Number of protein chains: 2
Amino acid sequence: MARAATTTDTFNAVAEPRRRQILDLLGGGERPVNDLVSELGLGQPQVSKHLRVLREVGAVSVREDGRRRLYRVNGEALKPIHDWVSGYERLWSDRFVQLDAVLDELQGNERTEGDGDDGE
Amino acid sequence: MARAATTTDTFNAVAEPRRRQILDLLGGGERPVNDLVSELGLGQPQVSKHLRVLREVGAVSVREDGRRRLYRVNGEALKPIHDWVSGYERLWSDRFVQLDAVLDELQGNERTEGDGDDGE
DNA sequence: TTGACATATGCCTAGAACAGCATACGATGC
DNA sequence: GCATCGTATGCTGTTCTAGGCATATGTCAA
């Protein structure tokens, strides 16, 4: 079996740095393909292909404007990623670390007192 | 050119659903490999390989315990993902949509008044 | 109509992956 | 020492990729 297709879901689609870059560029508002080509320093066909992948997972949408096509971000497609990764936020956020300490205190536990075994 | 290695960064590492599943399982605390094998219904070598990828991007760390190896999540490795995707939160969060409305009002703009053209 | 512009698609190559299976390695218990 | 358990590594086959280039499609201007 091979790796899952990039169009399988948003996780796979945005694993490619160029596509994140494209989304970042589109973050400022809708833009034609050629704009992206200039900024990315990549061939026009390549950019079109990246846009296709992003379109297929719903991360961008298109609007026709004469002979140009204006792309824009569709943020909702990124929500699953946000939701998933937010579940781990407590592992690095000071706010949550402090919350954990408070909860410990309320429980009468002293989890952080006697441990000399901290990971690397 | 081929797709970037899965060990390139956390984005690529967690593009694989099994690896997200592993992280989710480890979210409850450290666990030996065999535990994960049972829950994933996947071969032990495969699980070990997924863990290797996660280790290489720093998403998990290991601790030896006799002949077992206990893995745990290292949440900080996921922070870049969270940071990146959070930049788009305003595109779906009601809170931010309302904030935008307020800001519009403060500017004297009436962007949402005369529009019959709302997106899909 | 003809030519220039804007974008999408097709073909090719090299590289990388995931699962499956066999096997190697290290720790434990007898 | 030897069998066993727990885990990691190696090899193979299939699949999918990203870039490069040529080209097709569609739109505008003269």
# chains A, B, ... in the order shown; residues from 1 in each chain; ligands from 1

call {"tool": "calpha_fit_and_write", "arguments": {"fixed": "chain A", "moving": "chain B", "output": "CSV table (one decimal) with N, CA and C atoms, in the first residue's frame"}}
result
chain,number,residue,atom,x,y,z
B,1,MET,N,0.7,-1.3,0.0
B,1,MET,CA,-0.2,-0.1,-0.1
B,1,MET,C,0.6,1.2,-0.1
B,2,ALA,N,0.1,2.2,-0.8
B,2,ALA,CA,0.8,3.4,-0.9
B,2,ALA,C,0.3,4.4,0.1
B,3,ARG,N,0.8,5.6,0.1
B,3,ARG,CA,0.4,6.6,1.0
B,3,ARG,C,-1.0,7.1,0.5
B,4,ALA,N,-1.8,7.6,1.4
B,4,ALA,CA,-3.2,8.1,1.0
B,4,ALA,C,-3.1,9.2,0.0
B,5,ALA,N,-4.1,9.4,-0.8
B,5,ALA,CA,-4.1,10.5,-1.8
B,5,ALA,C,-4.1,11.8,-1.1
B,6,THR,N,-3.5,12.8,-1.7
B,6,THR,CA,-3.4,14.1,-1.0
B,6,THR,C,-4.8,14.7,-1.0
B,7,THR,N,-5.7,14.2,-1.8
B,7,THR,CA,-7.1,14.8,-1.8
B,7,THR,C,-8.0,14.0,-0.9
B,8,THR,N,-7.4,13.1,-0.1
B,8,THR,CA,-8.2,12.4,0.9
B,8,THR,C,-8.8,13.2,1.9
B,9,ASP,N,-8.1,14.1,2.5
B,9,ASP,CA,-8.6,15.0,3.5
B,9,ASP,C,-7.6,16.2,3.6
B,10,THR,N,-8.0,17.2,4.5
B,10,THR,CA,-7.2,18.4,4.6
B,10,THR,C,-5.8,18.1,5.2
B,11,PHE,N,-5.8,17.1,6.1
B,11,PHE,CA,-4.5,16.8,6.6
B,11,PHE,C,-3.5,16.5,5.6
B,12,ASN,N,-3.9,15.6,4.6
B,12,ASN,CA,-3.0,15.3,3.6
B,12,ASN,C,-2.7,16.4,2.6
B,13,ALA,N,-3.7,17.2,2.3
B,13,ALA,CA,-3.6,18.3,1.4
B,13,ALA,C,-2.6,19.3,1.9
B,14,VAL,N,-2.6,19.7,3.2
B,14,VAL,CA,-1.7,20.7,3.7
B,14,VAL,C,-0.4,20.2,4.2
B,15,ALA,N,-0.2,18.9,4.0
B,15,ALA,CA,1.1,18.3,4.4
B,15,ALA,C,2.2,18.9,3.4
B,16,GLU,N,1.8,19.2,2.2
B,16,GLU,CA,2.7,19.8,1.3
B,16,GLU,C,3.0,21.3,1.6
B,17,PRO,N,4.2,21.7,1.8
B,17,PRO,CA,4.5,23.1,2.2
B,17,PRO,C,4.1,24.1,1.2
B,18,ARG,N,4.2,23.8,-0.1
B,18,ARG,CA,3.7,24.8,-1.1
B,18,ARG,C,2.2,25.1,-1.0
B,19,ARG,N,1.5,24.1,-0.6
B,19,ARG,CA,0.0,24.3,-0.5
B,19,ARG,C,-0.3,25.2,0.8
B,20,ARG,N,0.5,25.0,1.8
B,20,ARG,CA,0.3,25.9,3.0
B,20,ARG,C,0.7,27.3,2.6
B,21,GLN,N,1.8,27.4,1.8
B,21,GLN,CA,2.2,28.7,1.3
B,21,GLN,C,1.1,29.4,0.5
B,22,ILE,N,0.5,28.6,-0.3
B,22,ILE,CA,-0.6,29.1,-1.2
B,22,ILE,C,-1.8,29.6,-0.3
B,23,LEU,N,-2.1,28.8,0.7
B,23,LEU,CA,-3.2,29.2,1.6
B,23,LEU,C,-2.8,30.5,2.3
B,24,ASP,N,-1.5,30.6,2.7
B,24,ASP,CA,-1.1,31.8,3.4
B,24,ASP,C,-1.2,33.0,2.5
B,25,LEU,N,-0.8,32.9,1.3
B,25,LEU,CA,-0.9,34.0,0.3
B,25,LEU,C,-2.4,34.4,0.1
B,26,LEU,N,-3.3,33.4,0.1
B,26,LEU,CA,-4.7,33.7,-0.1
B,26,LEU,C,-5.3,34.2,1.1
B,27,GLY,N,-4.6,34.1,2.2
B,27,GLY,CA,-5.1,34.6,3.5
B,27,GLY,C,-5.4,36.1,3.5
B,28,GLY,N,-4.7,36.8,2.6
B,28,GLY,CA,-4.9,38.2,2.6
B,28,GLY,C,-6.1,38.6,1.7
B,29,GLY,N,-6.7,37.7,1.0
B,29,GLY,CA,-7.8,38.0,0.1
B,29,GLY,C,-7.7,37.2,-1.2
B,30,GLU,N,-8.7,37.2,-2.0
B,30,GLU,CA,-8.7,36.4,-3.2
B,30,GLU,C,-7.7,37.0,-4.2
B,31,ARG,N,-7.2,36.0,-5.0
B,31,ARG,CA,-6.1,36.3,-5.9
B,31,ARG,C,-6.1,35.4,-7.1
B,32,PRO,N,-5.7,36.0,-8.3
B,32,PRO,CA,-5.6,35.1,-9.5
B,32,PRO,C,-4.4,34.2,-9.4
B,33,VAL,N,-4.4,33.2,-10.2
B,33,VAL,CA,-3.4,32.2,-10.3
B,33,VAL,C,-2.0,32.8,-10.5
B,34,ASN,N,-1.9,33.7,-11.5
B,34,ASN,CA,-0.7,34.3,-11.9
B,34,ASN,C,0.0,35.0,-10.7
B,35,ASP,N,-0.7,35.6,-9.9
B,35,ASP,CA,-0.2,36.3,-8.7
B,35,ASP,C,0.6,35.3,-7.9
B,36,LEU,N,0.0,34.1,-7.7
B,36,LEU,CA,0.6,33.1,-6.9
B,36,LEU,C,1.8,32.5,-7.6
B,37,VAL,N,1.8,32.4,-8.9
B,37,VAL,CA,2.9,31.9,-9.6
B,37,VAL,C,4.1,32.8,-9.4
B,38,SER,N,3.9,34.2,-9.5
B,38,SER,CA,5.0,35.1,-9.2
B,38,SER,C,5.6,34.9,-7.8
B,39,GLU,N,4.7,34.8,-6.9
B,39,GLU,CA,5.2,34.8,-5.5
B,39,GLU,C,5.9,33.5,-5.1
B,40,LEU,N,5.4,32.4,-5.7
B,40,LEU,CA,5.9,31.1,-5.3
B,40,LEU,C,7.2,30.8,-6.1
B,41,GLY,N,7.4,31.4,-7.2
B,41,GLY,CA,8.5,31.0,-8.1
B,41,GLY,C,8.4,29.6,-8.5
B,42,LEU,N,7.3,29.2,-8.9
B,42,LEU,CA,7.0,27.8,-9.3
B,42,LEU,C,6.3,27.9,-10.7
B,43,GLY,N,6.3,26.9,-11.4
B,43,GLY,CA,5.6,26.9,-12.7
B,43,GLY,C,4.1,27.1,-12.6
B,44,GLN,N,3.5,27.7,-13.6
B,44,GLN,CA,2.1,27.9,-13.5
B,44,GLN,C,1.3,26.6,-13.5
B,45,PRO,N,1.7,25.6,-14.3
B,45,PRO,CA,0.9,24.3,-14.2
B,45,PRO,C,1.0,23.7,-12.8
B,46,GLN,N,2.1,23.8,-12.1
B,46,GLN,CA,2.3,23.3,-10.8
B,46,GLN,C,1.3,24.0,-9.8
B,47,VAL,N,1.3,25.3,-9.9
B,47,VAL,CA,0.4,26.0,-9.1
B,47,VAL,C,-1.0,25.6,-9.3
B,48,SER,N,-1.4,25.5,-10.6
B,48,SER,CA,-2.8,25.1,-10.9
B,48,SER,C,-3.1,23.7,-10.3
B,49,LYS,N,-2.1,22.9,-10.3
B,49,LYS,CA,-2.3,21.5,-9.7
B,49,LYS,C,-2.5,21.6,-8.2
B,50,HIS,N,-1.7,22.4,-7.6
B,50,HIS,CA,-1.8,22.5,-6.1
B,50,HIS,C,-3.2,23.1,-5.8
B,51,LEU,N,-3.6,24.0,-6.6
B,51,LEU,CA,-4.9,24.6,-6.4
B,51,LEU,C,-6.0,23.6,-6.5
B,52,ARG,N,-5.8,22.7,-7.5
B,52,ARG,CA,-6.8,21.7,-7.7
B,52,ARG,C,-7.0,20.8,-6.5
B,53,VAL,N,-5.8,20.4,-5.9
B,53,VAL,CA,-5.9,19.6,-4.7
B,53,VAL,C,-6.6,20.4,-3.6
B,54,LEU,N,-6.2,21.6,-3.4
B,54,LEU,CA,-6.9,22.4,-2.4
B,54,LEU,C,-8.4,22.6,-2.6
B,55,ARG,N,-8.7,22.7,-3.9
B,55,ARG,CA,-10.2,22.7,-4.3
B,55,ARG,C,-10.9,21.4,-3.9
B,56,GLU,N,-10.2,20.3,-4.2
B,56,GLU,CA,-10.9,19.1,-4.0
B,56,GLU,C,-11.1,18.7,-2.5
B,57,VAL,N,-10.3,19.3,-1.7
B,57,VAL,CA,-10.6,19.1,-0.2
B,57,VAL,C,-11.4,20.2,0.3
B,58,GLY,N,-11.7,21.2,-0.5
B,58,GLY,CA,-12.6,22.3,-0.1
B,58,GLY,C,-11.9,23.4,0.7
B,59,ALA,N,-10.6,23.4,0.6
B,59,ALA,CA,-9.8,24.4,1.3
B,59,ALA,C,-9.8,25.8,0.6
B,60,VAL,N,-10.1,25.8,-0.7
B,60,VAL,CA,-10.2,27.0,-1.4
B,60,VAL,C,-11.4,27.0,-2.4
B,61,SER,N,-11.9,28.1,-2.8
B,61,SER,CA,-13.0,28.2,-3.7
B,61,SER,C,-12.6,29.2,-4.8
B,62,VAL,N,-13.2,29.0,-6.0
B,62,VAL,CA,-12.9,29.8,-7.1
B,62,VAL,C,-14.0,30.7,-7.6
B,63,ARG,N,-13.6,31.8,-8.2
B,63,ARG,CA,-14.6,32.7,-8.8
B,63,ARG,C,-14.0,33.2,-10.1
B,64,GLU,N,-14.9,33.1,-11.1
B,64,GLU,CA,-14.4,33.5,-12.5
B,64,GLU,C,-14.4,35.0,-12.6
B,65,ASP,N,-13.4,35.5,-13.3
B,65,ASP,CA,-13.4,37.0,-13.5
B,65,ASP,C,-12.7,37.2,-14.9
B,66,GLY,N,-13.5,37.2,-15.9
B,66,GLY,CA,-13.0,37.2,-17.3
B,66,GLY,C,-12.1,36.0,-17.5
B,67,ARG,N,-10.9,36.2,-18.0
B,67,ARG,CA,-10.1,35.1,-18.2
B,67,ARG,C,-9.3,34.7,-17.0
B,68,ARG,N,-9.5,35.4,-16.0
B,68,ARG,CA,-8.8,35.0,-14.8
B,68,ARG,C,-9.6,34.2,-13.8
B,69,ARG,N,-9.0,33.5,-12.9
B,69,ARG,CA,-9.8,32.8,-11.8
B,69,ARG,C,-9.3,33.3,-10.5
B,70,LEU,N,-10.2,33.8,-9.7
B,70,LEU,CA,-9.8,34.3,-8.4
B,70,LEU,C,-10.0,33.2,-7.3
B,71,TYR,N,-9.0,32.9,-6.6
B,71,TYR,CA,-9.1,31.9,-5.6
B,71,TYR,C,-9.1,32.6,-4.2
B,72,ARG,N,-9.9,31.9,-3.3
B,72,ARG,CA,-9.9,32.4,-2.0
B,72,ARG,C,-9.9,31.2,-1.0
B,73,VAL,N,-9.4,31.5,0.2
B,73,VAL,CA,-9.4,30.4,1.2
B,73,VAL,C,-10.8,30.1,1.8
B,74,ASN,N,-11.0,28.9,2.0
B,74,ASN,CA,-12.3,28.5,2.7
B,74,ASN,C,-11.9,27.9,4.0
B,75,GLY,N,-11.8,28.8,5.0
B,75,GLY,CA,-11.2,28.4,6.3
B,75,GLY,C,-11.8,27.2,7.0
B,76,GLU,N,-13.1,27.0,6.8
B,76,GLU,CA,-13.8,25.9,7.5
B,76,GLU,C,-13.2,24.6,7.2
B,77,ALA,N,-12.6,24.4,6.1
B,77,ALA,CA,-12.0,23.1,5.7
B,77,ALA,C,-10.8,22.8,6.7
B,78,LEU,N,-10.3,23.9,7.3
B,78,LEU,CA,-9.1,23.7,8.2
B,78,LEU,C,-9.6,23.4,9.6
B,79,LYS,N,-10.8,23.6,9.9
B,79,LYS,CA,-11.3,23.4,11.2
B,79,LYS,C,-11.0,22.0,11.8
B,80,PRO,N,-11.2,20.9,11.0
B,80,PRO,CA,-10.9,19.6,11.6
B,80,PRO,C,-9.5,19.5,12.1
B,81,ILE,N,-8.6,20.1,11.4
B,81,ILE,CA,-7.2,20.1,11.8
B,81,ILE,C,-7.1,20.9,13.2
B,82,HIS,N,-7.7,22.0,13.2
B,82,HIS,CA,-7.6,22.8,14.4
B,82,HIS,C,-8.2,22.0,15.6
B,83,ASP,N,-9.4,21.4,15.3
B,83,ASP,CA,-10.0,20.7,16.4
B,83,ASP,C,-9.2,19.6,16.9
B,84,TRP,N,-8.6,18.9,16.0
B,84,TRP,CA,-7.8,17.7,16.4
B,84,TRP,C,-6.6,18.1,17.2
B,85,VAL,N,-5.8,19.1,16.7
B,85,VAL,CA,-4.6,19.5,17.3
B,85,VAL,C,-4.8,20.2,18.7
B,86,SER,N,-6.0,20.8,18.8
B,86,SER,CA,-6.3,21.6,20.0
B,86,SER,C,-6.4,20.6,21.2
B,87,GLY,N,-6.8,19.4,20.9
B,87,GLY,CA,-6.9,18.4,21.9
B,87,GLY,C,-5.5,18.2,22.6
B,88,TYR,N,-4.5,18.6,22.0
B,88,TYR,CA,-3.1,18.4,22.6
B,88,TYR,C,-2.5,19.7,23.2
B,89,GLU,N,-3.3,20.8,23.1
B,89,GLU,CA,-2.8,22.1,23.5
B,89,GLU,C,-2.4,22.1,24.9
B,90,ARG,N,-3.1,21.3,25.7
B,90,ARG,CA,-2.7,21.3,27.2
B,90,ARG,C,-1.3,20.7,27.4
B,91,LEU,N,-0.8,20.1,26.4
B,91,LEU,CA,0.6,19.5,26.6
B,91,LEU,C,1.7,20.5,26.5
B,92,TRP,N,1.4,21.7,25.9
B,92,TRP,CA,2.4,22.7,25.8
B,92,TRP,C,2.1,24.1,26.4
B,93,SER,N,0.7,24.3,26.5
B,93,SER,CA,0.3,25.6,26.9
B,93,SER,C,0.5,25.8,28.4
B,94,ASP,N,1.2,26.9,28.8
B,94,ASP,CA,1.4,27.2,30.2
B,94,ASP,C,0.1,27.3,30.9
B,95,ARG,N,-0.8,27.9,30.2
B,95,ARG,CA,-2.1,28.1,30.9
B,95,ARG,C,-2.7,26.7,31.4
B,96,PHE,N,-2.5,25.7,30.5
B,96,PHE,CA,-3.1,24.4,30.9
B,96,PHE,C,-2.2,23.7,31.9
B,97,VAL,N,-0.9,23.9,31.8
B,97,VAL,CA,0.0,23.4,32.8
B,97,VAL,C,-0.4,23.9,34.2
B,98,GLN,N,-0.6,25.2,34.3
B,98,GLN,CA,-1.0,25.8,35.5
B,98,GLN,C,-2.4,25.2,36.0
B,99,LEU,N,-3.3,25.1,35.0
B,99,LEU,CA,-4.6,24.5,35.4
B,99,LEU,C,-4.4,23.1,36.0
B,100,ASP,N,-3.6,22.3,35.4
B,100,ASP,CA,-3.3,21.0,35.9
B,100,ASP,C,-2.8,21.1,37.3
B,101,ALA,N,-1.9,22.0,37.6
B,101,ALA,CA,-1.4,22.2,38.9
B,101,ALA,C,-2.5,22.5,39.9
B,102,VAL,N,-3.4,23.4,39.5
B,102,VAL,CA,-4.5,23.8,40.4
B,102,VAL,C,-5.4,22.6,40.7
B,103,LEU,N,-5.7,21.8,39.6
B,103,LEU,CA,-6.6,20.7,39.8
B,103,LEU,C,-5.9,19.7,40.7
B,104,ASP,N,-4.7,19.5,40.6
B,104,ASP,CA,-3.9,18.6,41.5
B,104,ASP,C,-4.1,19.0,42.9
B,105,GLU,N,-3.9,20.3,43.1
B,105,GLU,CA,-4.0,20.8,44.5
B,105,GLU,C,-5.4,20.6,45.0
B,106,LEU,N,-6.4,20.8,44.2
B,106,LEU,CA,-7.8,20.6,44.6
B,106,LEU,C,-8.1,19.2,45.0
B,107,GLN,N,-7.4,18.3,44.4
B,107,GLN,CA,-7.6,16.9,44.7
B,107,GLN,C,-6.8,16.4,45.8
B,108,GLY,N,-5.9,17.2,46.4
B,108,GLY,CA,-5.1,16.8,47.5
B,108,GLY,C,-3.9,16.0,47.0
B,109,ASN,N,-3.7,15.9,45.7
B,109,ASN,CA,-2.5,15.2,45.2
B,109,ASN,C,-1.4,16.2,45.3
B,110,GLU,N,-0.2,15.6,45.4
B,110,GLU,CA,1.0,16.4,45.4
B,110,GLU,C,2.0,15.8,44.3
B,111,ARG,N,1.5,15.7,43.1
B,111,ARG,CA,2.2,15.1,42.1
B,111,ARG,C,3.6,15.8,41.8
B,112,THR,N,3.6,17.1,42.0
B,112,THR,CA,4.8,17.8,41.6
B,112,THR,C,5.8,18.1,42.8
B,113,GLU,N,5.5,17.5,43.9
B,113,GLU,CA,6.3,17.8,45.1
B,113,GLU,C,7.6,17.0,45.2
B,114,GLY,N,7.5,15.7,45.2
B,114,GLY,CA,8.6,14.9,45.5
B,114,GLY,C,9.4,14.4,44.3
B,115,ASP,N,9.1,14.9,43.1
B,115,ASP,CA,9.7,14.3,41.9
B,115,ASP,C,11.0,14.9,41.6
B,116,GLY,N,12.0,14.0,41.6
B,116,GLY,CA,13.3,14.4,41.1
B,116,GLY,C,13.4,14.0,39.6
B,117,ASP,N,12.4,13.3,39.1
B,117,ASP,CA,12.5,12.8,37.8
B,117,ASP,C,11.6,13.6,36.9
B,118,ASP,N,12.2,14.7,36.4
B,118,ASP,CA,11.4,15.4,35.4
B,118,ASP,C,11.9,15.1,34.0
B,119,GLY,N,10.9,15.1,33.0
B,119,GLY,CA,11.3,14.7,31.7
B,119,GLY,C,12.4,15.5,31.1
B,120,GLU,N,12.8,15.2,29.8
B,120,GLU,CA,14.0,15.8,29.2
B,120,GLU,C,14.0,17.3,29.3

call {"tool": "interface_residues", "arguments": {"of": "chain D", "to": "chain B", "cutoff": "7 Å", "atoms": "only C-alpha atoms (C1' of nucleotides)", "output": "PyMOL selection string"}}
result
chain D and resi 6+8+17-19

call {"tool": "interface_residues", "arguments": {"of": "chain C", "to": "chain B", "cutoff": "12 Å", "atoms": "only C-alpha atoms (C1' of nucleotides)", "output": "ChimeraX atom specification"}}
result
/C:12-23,25-28
